[in-house]
Amino acid sequence: MAAPKSVPARPGKEKVTTTRKKPKFLRTDWHKKIKLGRGVKKNQKWHGAKGRHNKFRLNRKGRGVRPRVGWGAENDTKGFIGGVETVRVENLKELSNVNKDSGIIIGKVGAKKRMSILEKAKEMGLKVMNRYKREPETLEVAGSRSQAAGGKV
């Protein structure tokens, strides 16, 4: 079992939870067929067994683990990622309502709005949980590449 991890629950109180390794819930025979997830990670999804004689459904030994109620997070620690409470943000108005000690997750928005949210979050000193290190290309850089390759602008 891993070392205890401290997560703030409420102001003044601190909730201590133990981190544990949650298994990856995979469907029956996932290792046999590509469409069920053999070698293709995005196809490795949980689908409950429904067959009458399915050994997975009957909880036979050596068949892997099924998702159950006990695997969920405790109520005090739900919504926390790495000890930081997270809020989903889709525009600047929602960003202004976020607490200073919270982290934000930028929702599905376009590039312009994402850049404006990132700038505002940087001013406010908020941590962006889904910030990826990809520099946006400018039109000048893209134009110079096509000219160098002999293409039209």
# chains A, B, ... in the order shown; residues from 1 in each chain; ligands from 1

$ residues_around --residues "region 90-107 of chain A" --least-positions-apart "4" --cutoff "7 Å" --atoms "only C-alpha atoms" --output "MDAnalysis selection string"
chainID A and resid 84:86 117 126:130

$ select_by_dssp --residues "region 6-110 of chain A" --states "strand (DSSP E or B)" --output "ChimeraX atom specification"
/A:6-10,13-18,80-81,84-89,103-106

$ atom_distance --atom1 "CA of Arg27 (chain A)" --atom2 "CA of His47 (chain A)"
5.5 Å

$ closest_residue --among "A:Thr77, A:Arg52, A:Arg63, A:Lys122" --to "Trp30 (chain A)" --atoms "only C-alpha atoms"
A:Arg63

$ select_by_dssp --residues "region 6-114 of chain A" --states "helix (DSSP H, G or I)" --output "list in words"
Ile34, Lys35, Leu36, Lys41, Lys42, Asn43, Val69, Gly70, Trp71, Asn75, Asp76, Thr77, Leu92, Lys93, Glu94, Leu95, Ser96, Ala111, Lys112, Lys113 and Arg114 of chain A

$ atom_distance --atom1 "CA of Thr28 (chain A)" --atom2 "CA of Phe56 (chain A)"
6.7 Å
